[in-house]
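S.K.: File my_file_31.tsv below, TSV, C-alpha atoms:
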```tsv
chain	number	residue	atom	x	y	z
O	281	ARG	CA	-142.51	185.63	66.04
O	282	PHE	CA	-138.73	185.70	65.83
O	283	ARG	CA	-137.39	186.55	62.41
O	284	ILE	CA	-134.06	186.87	60.61
O	285	ARG	CA	-134.54	189.95	58.45
O	286	ARG	CA	-131.34	189.93	56.40
O	287	THR	CA	-127.96	188.20	56.27
O	288	GLU	CA	-125.96	190.32	53.86
O	289	LEU	CA	-122.40	189.13	53.26
O	290	ARG	CA	-120.25	191.47	51.17
O	291	PHE	CA	-116.88	190.75	49.58
O	292	ALA	CA	-114.89	193.50	47.86
O	293	GLY	CA	-111.32	194.21	46.89
O	294	ASP	CA	-108.78	195.11	44.22
O	295	LEU	CA	-107.89	192.83	41.35
O	296	LEU	CA	-104.22	191.81	41.42
O	297	GLY	CA	-103.50	194.61	43.89
O	298	ASP	CA	-104.39	197.33	41.36
O	299	GLU	CA	-106.78	199.89	42.92
O	300	ARG	CA	-107.99	200.92	39.45
O	301	PHE	CA	-109.80	197.59	39.06
O	302	LYS	CA	-112.16	196.46	41.81
O	303	TYR	CA	-114.80	193.83	42.38
O	304	THR	CA	-117.83	193.61	44.67
O	305	VAL	CA	-120.00	190.58	45.45
O	306	MET	CA	-122.82	190.52	48.01
O	307	ILE	CA	-125.14	187.65	48.88
O	308	ASP	CA	-128.10	187.40	51.24
O	309	PRO	CA	-129.18	183.77	51.85
O	310	VAL	CA	-132.18	184.67	54.00
O	311	GLN	CA	-133.81	186.79	51.28
O	312	VAL	CA	-134.81	183.66	49.38
O	313	GLN	CA	-137.00	182.73	52.37
O	314	GLU	CA	-138.19	186.31	53.01
O	315	ASP	CA	-139.22	186.88	49.38
O	316	ASN	CA	-140.54	183.84	47.52
O	317	THR	CA	-140.17	185.64	44.18
O	318	ARG	CA	-136.37	185.52	44.44
O	319	ARG	CA	-134.60	182.53	42.97
O	320	SER	CA	-131.01	183.34	43.94
O	321	VAL	CA	-129.11	184.57	47.00
O	322	LEU	CA	-127.08	186.93	44.80
O	323	GLN	CA	-127.56	190.65	45.46
O	324	ASP	CA	-124.61	192.55	43.98
O	325	ALA	CA	-121.97	191.31	41.55
O	326	PHE	CA	-120.09	193.98	39.65
O	327	PHE	CA	-116.69	195.06	38.34
O	328	THR	CA	-115.49	198.65	38.79
O	329	ILE	CA	-112.97	200.59	36.73
O	330	ASP	CA	-111.78	203.52	38.89
O	331	HIS	CA	-109.16	206.27	38.64
O	332	MET	CA	-109.48	206.48	34.85
O	333	PRO	CA	-106.71	208.80	33.57
O	334	PHE	CA	-108.74	209.93	30.56
O	335	LEU	CA	-111.82	210.70	32.70
O	336	PRO	CA	-110.85	211.95	36.20
O	337	TYR	CA	-113.36	211.87	39.08
O	338	HIS	CA	-115.26	209.10	37.34
O	339	LYS	CA	-115.76	205.35	37.67
O	340	LEU	CA	-117.53	202.73	35.58
O	341	ASP	CA	-119.53	199.86	37.12
O	342	LEU	CA	-120.39	196.75	35.10
O	343	GLY	CA	-122.67	194.03	36.47
O	344	GLN	CA	-125.61	193.83	38.86
O	345	TYR	CA	-126.24	196.48	41.51
O	346	LYS	CA	-128.85	198.94	42.75
O	347	LEU	CA	-130.52	201.35	40.36
O	348	PRO	CA	-129.68	205.03	41.07
O	349	LEU	CA	-133.19	205.82	42.30
O	350	THR	CA	-134.13	207.46	45.64
O	351	GLU	CA	-131.62	208.71	48.19
O	352	GLU	CA	-132.73	206.32	50.91
O	353	SER	CA	-132.44	203.11	48.90
O	354	LEU	CA	-128.82	203.83	47.97
O	355	ARG	CA	-127.84	203.97	51.65
O	356	SER	CA	-126.83	200.82	53.49
O	357	SER	CA	-129.57	199.17	55.55
O	358	ALA	CA	-127.31	199.77	58.57
O	359	LYS	CA	-127.71	203.55	58.05
O	360	LEU	CA	-131.49	203.79	57.72
O	361	ASP	CA	-133.37	206.39	59.77
O	362	THR	CA	-136.09	203.84	60.61
O	363	ALA	CA	-136.35	200.08	61.06
O	364	GLU	CA	-137.60	199.57	57.49
O	365	ARG	CA	-137.25	201.55	54.30
O	366	SER	CA	-139.97	204.06	53.45
O	367	LEU	CA	-142.81	203.36	51.02
O	368	ILE	CA	-141.01	205.41	48.35
O	369	GLY	CA	-137.77	203.55	48.99
O	370	ARG	CA	-139.43	200.12	48.72
O	371	THR	CA	-141.63	200.97	45.72
O	372	PHE	CA	-139.24	202.91	43.50
O	373	GLY	CA	-135.80	202.24	44.95
O	374	ASP	CA	-133.98	199.30	46.55
O	375	GLN	CA	-134.12	197.47	43.20
O	376	ARG	CA	-131.28	195.84	41.31
O	377	ASP	CA	-130.66	195.21	37.64
O	378	ILE	CA	-127.83	194.25	35.29
O	379	GLY	CA	-126.14	196.96	33.26
O	380	ALA	CA	-123.40	199.58	33.01
O	381	MET	CA	-123.28	202.83	34.98
O	382	LEU	CA	-120.95	205.84	34.87
O	383	THR	CA	-120.50	207.83	38.10
O	384	GLY	CA	-118.92	211.27	38.38
O	385	ASP	CA	-118.14	212.45	41.90
O	386	TRP	CA	-116.88	215.85	43.04
O	387	PRO	CA	-117.16	217.49	46.50
O	388	ALA	CA	-120.00	219.77	45.34
O	389	ALA	CA	-121.82	217.42	42.94
O	390	THR	CA	-122.39	213.78	42.02
O	391	TYR	CA	-124.11	212.17	39.07
O	392	GLN	CA	-124.91	208.61	37.98
O	393	LEU	CA	-126.03	207.57	34.52
O	394	GLY	CA	-126.74	203.95	33.68
O	395	VAL	CA	-128.05	201.64	30.95
O	396	PHE	CA	-129.82	198.48	32.18
O	397	ASN	CA	-131.53	195.37	30.85
O	398	GLY	CA	-134.80	196.30	32.55
O	399	SER	CA	-135.60	192.69	33.52
O	400	GLY	CA	-134.74	193.00	37.21
O	401	GLN	CA	-132.50	191.24	39.70
O	402	ASN	CA	-130.95	187.92	38.63
O	403	GLN	CA	-132.99	187.91	35.43
O	404	ALA	CA	-131.77	187.44	31.86
O	405	ASP	CA	-132.51	190.19	29.36
O	406	ALA	CA	-135.93	189.61	27.81
O	407	ASN	CA	-135.54	191.83	24.72
O	408	ASP	CA	-133.03	193.84	22.69
O	409	GLN	CA	-133.81	197.25	24.19
O	410	LYS	CA	-132.30	198.94	27.24
O	411	ASP	CA	-133.66	201.09	30.05
O	412	LEU	CA	-132.07	204.36	31.19
O	413	ALA	CA	-131.66	205.50	34.80
O	414	GLY	CA	-129.87	208.49	36.29
O	415	ARG	CA	-129.44	210.66	39.35
O	416	VAL	CA	-127.86	214.08	39.98
O	417	VAL	CA	-127.07	215.53	43.43
O	418	VAL	CA	-125.75	219.04	44.13
O	419	ARG	CA	-124.24	220.27	47.43
O	420	PRO	CA	-124.53	224.08	47.34
O	421	LEU	CA	-122.96	224.66	50.76
O	422	LYS	CA	-119.89	222.73	49.69
O	423	ALA	CA	-119.66	224.77	46.51
O	424	LEU	CA	-119.92	227.95	48.59
O	425	GLU	CA	-117.08	226.80	50.85
O	426	ASP	CA	-114.82	226.56	47.81
O	427	VAL	CA	-115.47	230.24	46.99
O	428	VAL	CA	-115.61	232.03	50.36
O	429	ASP	CA	-114.73	231.20	53.96
O	430	VAL	CA	-117.99	230.31	55.74
O	431	PRO	CA	-118.56	228.86	59.22
O	432	GLU	CA	-119.48	225.21	59.62
O	433	ILE	CA	-123.25	225.01	59.16
O	434	GLY	CA	-123.64	221.40	58.14
O	435	THR	CA	-124.16	219.68	54.80
O	436	PHE	CA	-127.07	220.24	52.46
O	437	GLU	CA	-127.81	218.46	49.20
O	438	VAL	CA	-130.62	218.48	46.65
O	439	GLY	CA	-131.08	216.12	43.77
O	440	THR	CA	-133.27	214.51	41.17
O	441	ALA	CA	-133.48	211.00	39.73
O	442	GLY	CA	-135.28	209.42	36.83
O	443	TYR	CA	-135.89	206.18	34.93
O	444	TYR	CA	-137.21	205.61	31.42
O	445	ARG	CA	-138.18	202.61	29.30
O	446	LYS	CA	-139.56	203.09	25.81
O	447	ASP	CA	-142.82	201.46	24.76
O	448	ARG	CA	-142.00	198.77	22.19
O	449	GLY	CA	-143.98	195.66	21.28
O	450	THR	CA	-145.12	193.83	24.42
O	451	THR	CA	-142.76	195.90	26.61
O	452	ARG	CA	-144.71	198.86	27.95
O	453	GLU	CA	-143.41	202.32	28.72
O	454	LYS	CA	-142.07	202.84	32.24
O	455	LYS	CA	-141.33	206.21	33.83
O	456	ARG	CA	-139.93	207.36	37.17
O	457	LEU	CA	-139.13	210.91	38.30
O	458	GLY	CA	-138.19	211.99	41.80
O	459	TYR	CA	-136.74	214.82	43.86
O	460	GLU	CA	-134.81	214.77	47.10
O	461	ALA	CA	-133.30	217.06	49.74
O	462	ARG	CA	-131.20	216.28	52.79
O	463	TYR	CA	-129.61	218.39	55.53
O	464	GLU	CA	-127.27	217.19	58.26
O	465	TYR	CA	-125.65	219.11	61.10
O	466	LYS	CA	-124.11	217.31	64.06
O	467	ASN	CA	-126.95	215.18	65.52
O	468	LEU	CA	-129.66	216.79	63.39
O	469	ARG	CA	-130.76	215.18	60.13
O	470	LEU	CA	-133.67	216.24	57.93
O	471	SER	CA	-134.58	214.47	54.70
O	472	TRP	CA	-137.37	214.69	52.13
O	473	GLU	CA	-138.18	212.75	48.98
O	474	HIS	CA	-140.95	212.80	46.42
O	475	MET	CA	-141.30	210.44	43.46
O	476	PHE	CA	-143.98	209.39	41.01
O	477	GLY	CA	-144.07	206.62	38.46
O	478	GLN	CA	-145.99	205.40	35.46
O	479	GLY	CA	-146.11	201.86	34.12
O	480	THR	CA	-148.24	198.76	33.69
O	481	ALA	CA	-148.94	195.69	35.77
O	482	SER	CA	-148.28	193.42	32.76
O	483	GLY	CA	-147.68	193.55	29.03
O	484	ASN	CA	-151.42	193.61	28.27
O	485	ALA	CA	-152.46	195.99	31.06
O	486	THR	CA	-153.48	199.61	30.65
O	487	THR	CA	-151.22	202.37	31.94
```
Show how you would write the structure in this file as structure tokens.

M.R.:
Amino acid sequence: RFRIRRTELRFAGDLLGDERFKYTVMIDPVQVQEDNTRRSVLQDAFFTIDHMPFLPYHKLDLGQYKLPLTEESLRSSAKLDTAERSLIGRTFGDQRDIGAMLTGDWPAATYQLGVFNGSGQNQADANDQKDLAGRVVVRPLKALEDVVDVPEIGTFEVGTAGYYRKDRGTTREKKRLGYEARYEYKNLRLSWEHMFGQGTASGNATT
């Protein structure tokens, strides 16, 4: 069969010409047909505060966007190594939620720490608790370049990511923990990820 896999349309820019305040909106009309569990074409819709003078190298995102889980899922679909995302990327990553996330970015390290509703994409918050998600990536070769003069040998990064929801009432505990490594040099690219999770199929299910 012929098939339209995705039709992502992304709009982004500065508010009132001020690069400290940005917006991003992305829709995908075809996803409503591809996935019958989705009720809206909306993918991303968030506001970014960047270049904060009191917190350099940081930005704050408010709205709906991807959770900081798995290296592959945070990359654009146009930059995937294969035609579809991996099993890890589809199962644990490539998921959106509504919340607030702080990102710190330096040449040798990046971290993301967010607080989310935990209800999923285009869903209202179902309770008064919040879920936590975070990711840390370190680039040791870049850190070494800042100390001594070394020849160009590519880029290497290692990282870890996690997600946690506390068990409360009918909302069951949810855990995610993963590790990643990636090396790139000219036309060579090697990547590895491992992640495990714990949760329940429904509020009354066993772990």

S.K.: Write out as number ranges by chain which residues come within 9 Å of Asp377 (chain O) when counting all atoms listed in the file, dropping same-chain ones fewer than 4 positions away.

M.R.: O: 343-347, 396-403

S.K.: Taking into account all atoms listed in the file, which residue in the set O:Val310, O:Leu360, O:Val438, O:Leu289 is nearest to Thr390 (chain O)?

M.R.: O:Val438

S.K.: Ranking O:Glu437, O:Asp447, O:Asp385, O:Glu351 by minimum distance to Pro336 (chain O) and counting all atoms listed in the file, which one comes first?

M.R.: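 Among the listed residues, the smallest separation from Pro336 (chain O) belongs to O:Asp385.
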
S.K.: To one decimal place, how far is CA of Gly297 (chain O) from CA of Phe334 (chain O) in Å?

M.R.: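 If I compute the distance from CA of Gly297 (chain O) to CA of Phe334 (chain O), I get 21.0 Å.
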
S.K.: Would you mind listing, for every residue of region 287-362 of chain O within 9 Å of region 414-422 of chain O, the two atoms forming the shortest contact and the distance between them in Å to one decimal, using all atoms listed in the file, sorted by chain and ascending residue number, as a Markdown table?

M.R.:
```
| residue | atom | partner | partner_atom | distance |
| --- | --- | --- | --- | --- |
| O:Leu347 | CA | O:Gly414 | CA | 8.2 |
| O:Pro348 | CA | O:Arg415 | CA | 5.9 |
| O:Leu349 | CA | O:Arg415 | CA | 6.8 |
| O:Thr350 | CA | O:Arg415 | CA | 8.5 |
```

S.K.: Could you please give me, as an MDAnalysis selection string, the residues of protein, DNA or RNA lying at most 10 Å from (-125.5, 224.8, 60.4) in the coordinate frame of the file, considering all atoms listed in the file?

M.R.: chainID O and resid 421 431:436 463:466 468

S.K.: Of the residues O:Leu393, O:Ser471, O:Leu335, O:Arg283, which is the one nearest to Glu314 (chain O), using all atoms listed in the file?

M.R.: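 Nearest candidate to Glu314 (chain O) out of O:Leu393, O:Ser471, O:Leu335, O:Arg283: O:Arg283.
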
S.K.: How big is the axis-aligned box around all listed atoms of region 288-293 of chain O once 5 Å goes on each side, and where's its centre, in Å to one decimal, as lines of an AutoDock Vina configuration file?

M.R.:
```
center_x = -118.6
center_y = 191.7
center_z = 50.4
size_x = 24.6
size_y = 15.1
size_z = 17.0
```

S.K.: Residues near Arg448 (chain O), anyone? I mean within 12 Å using all atoms listed in the file, not counting same-chain ones fewer than 5 positions away, as a list in words.

M.R.: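 Skipping anything fewer than 5 positions along the chain leaves Asn407, Asp408, Gln409, Lys410, Asp411, Glu453, Lys454 and Gly483 of chain O.
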
S.K.: Which residues are near Met381 (chain O)? Cut-off 7 Å, all atoms listed in the file, ignore same chain within fewer than 2 positions. Put them as a PyMOL selection string.

M.R.: chain O and resi 340-342+379+383+392-395

S.K.: Pick the closest to Glu364 (chain O) from O:Arg469, O:Arg286, O:Lys339, O:Lys446: which is it, counting all atoms listed in the file?

M.R.: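 So, comparing all the options, the nearest one is O:Arg286.
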
S.K.: I'd like the contact shell of Asp298 (chain O) - 12 Å cut-off, all atoms listed in the file, skipping same-chain residues fewer than 3 positions apart - returned as a JSON list (two decimals) with C-alpha atoms, in the coordinates of the input.

M.R.:
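out-v8.json was written with the following content:
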```json
[["chain", "number", "residue", "atom", "x", "y", "z"],
["O", 293, "GLY", "CA", -111.32, 194.21, 46.89],
["O", 294, "ASP", "CA", -108.78, 195.11, 44.22],
["O", 295, "LEU", "CA", -107.89, 192.83, 41.35],
["O", 301, "PHE", "CA", -109.80, 197.59, 39.06],
["O", 302, "LYS", "CA", -112.16, 196.46, 41.81],
["O", 303, "TYR", "CA", -114.80, 193.83, 42.38],
["O", 328, "THR", "CA", -115.49, 198.65, 38.79],
["O", 329, "ILE", "CA", -112.97, 200.59, 36.73],
["O", 330, "ASP", "CA", -111.78, 203.52, 38.89],
["O", 331, "HIS", "CA", -109.16, 206.27, 38.64]]
```

S.K.: Of the candidates O:His338, O:Leu296, O:Phe291, O:Gly373, which shows the shortest atom-to-atom distance to Ala325 (chain O), using only C-alpha atoms?

M.R.: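 Ranked by minimum distance to Ala325 (chain O), first place goes to O:Phe291.
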
S.K.: Point out the residue among O:Tyr443, O:Lys359, O:Ala388, O:Arg370 with the least atom-to-atom distance to Ala423 (chain O), counting only C-alpha atoms.

M.R.: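 Using only C-alpha atoms, the shortest distance to Ala423 (chain O) belongs to O:Ala388.
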
S.K.: Which value, in Å to one decimal, gives the distance between CA of Tyr337 (chain O) and CA of Gly442 (chain O)?

M.R.: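 Calculated distance between CA of Tyr337 (chain O) and CA of Gly442 (chain O) is 22.2 Å.
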
S.K.: Would you mind putting N, CA and C atoms back on region 300-323 of chain O and writing the result as a short mmCIF file (atom, residue, chain, number, x, y, z; two decimals), in the coordinates of the input?

M.R.:
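Once everything was written out, this is result04.cif:
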```
data_model
loop_
_atom_site.label_atom_id
_atom_site.label_comp_id
_atom_site.auth_asym_id
_atom_site.auth_seq_id
_atom_site.Cartn_x
_atom_site.Cartn_y
_atom_site.Cartn_z
N ARG O 300 -107.17 200.44 40.57
CA ARG O 300 -107.99 200.92 39.45
C ARG O 300 -109.07 199.90 39.06
N PHE O 301 -108.86 198.65 39.42
CA PHE O 301 -109.80 197.59 39.06
C PHE O 301 -110.29 196.90 40.32
N LYS O 302 -111.58 196.96 40.57
CA LYS O 302 -112.16 196.46 41.81
C LYS O 302 -113.33 195.52 41.52
N TYR O 303 -113.64 194.71 42.50
CA TYR O 303 -114.80 193.83 42.38
C TYR O 303 -115.63 193.91 43.66
N THR O 304 -116.92 193.65 43.53
CA THR O 304 -117.83 193.61 44.67
C THR O 304 -118.84 192.48 44.46
N VAL O 305 -119.00 191.65 45.47
CA VAL O 305 -120.00 190.58 45.45
C VAL O 305 -120.73 190.59 46.79
N MET O 306 -122.04 190.58 46.77
CA MET O 306 -122.82 190.52 48.01
C MET O 306 -123.94 189.50 47.87
N ILE O 307 -124.07 188.65 48.86
CA ILE O 307 -125.14 187.65 48.88
C ILE O 307 -125.98 187.83 50.14
N ASP O 308 -127.21 187.35 50.08
CA ASP O 308 -128.10 187.40 51.24
C ASP O 308 -128.94 186.11 51.23
N PRO O 309 -128.47 185.05 51.87
CA PRO O 309 -129.18 183.77 51.85
C PRO O 309 -130.60 183.83 52.38
N VAL O 310 -130.86 184.67 53.38
CA VAL O 310 -132.18 184.67 54.00
C VAL O 310 -133.25 185.31 53.11
N GLN O 311 -132.83 186.12 52.12
CA GLN O 311 -133.81 186.79 51.28
C GLN O 311 -134.62 185.82 50.43
N VAL O 312 -134.06 184.66 50.14
CA VAL O 312 -134.81 183.66 49.38
C VAL O 312 -136.01 183.18 50.18
N GLN O 313 -135.88 183.12 51.51
CA GLN O 313 -137.00 182.73 52.37
C GLN O 313 -137.93 183.91 52.62
N GLU O 314 -137.37 185.12 52.74
CA GLU O 314 -138.19 186.31 53.01
C GLU O 314 -139.06 186.68 51.81
N ASP O 315 -138.52 186.49 50.61
CA ASP O 315 -139.22 186.88 49.38
C ASP O 315 -139.27 185.67 48.45
N ASN O 316 -140.44 185.07 48.31
CA ASN O 316 -140.54 183.84 47.52
C ASN O 316 -140.45 184.08 46.01
N THR O 317 -140.35 185.35 45.59
CA THR O 317 -140.17 185.64 44.18
C THR O 317 -138.70 185.58 43.77
N ARG O 318 -137.80 185.56 44.74
CA ARG O 318 -136.37 185.52 44.44
C ARG O 318 -135.90 184.09 44.29
N ARG O 319 -135.07 183.87 43.26
CA ARG O 319 -134.60 182.53 42.97
C ARG O 319 -133.12 182.34 43.28
N SER O 320 -132.45 183.42 43.70
CA SER O 320 -131.01 183.34 43.94
C SER O 320 -130.64 184.19 45.15
N VAL O 321 -129.58 183.80 45.84
CA VAL O 321 -129.11 184.57 47.00
C VAL O 321 -128.27 185.76 46.57
N LEU O 322 -127.95 185.87 45.29
CA LEU O 322 -127.08 186.93 44.80
C LEU O 322 -127.77 188.28 44.84
N GLN O 323 -127.08 189.27 45.43
CA GLN O 323 -127.56 190.65 45.46
C GLN O 323 -126.76 191.49 44.47
#
```
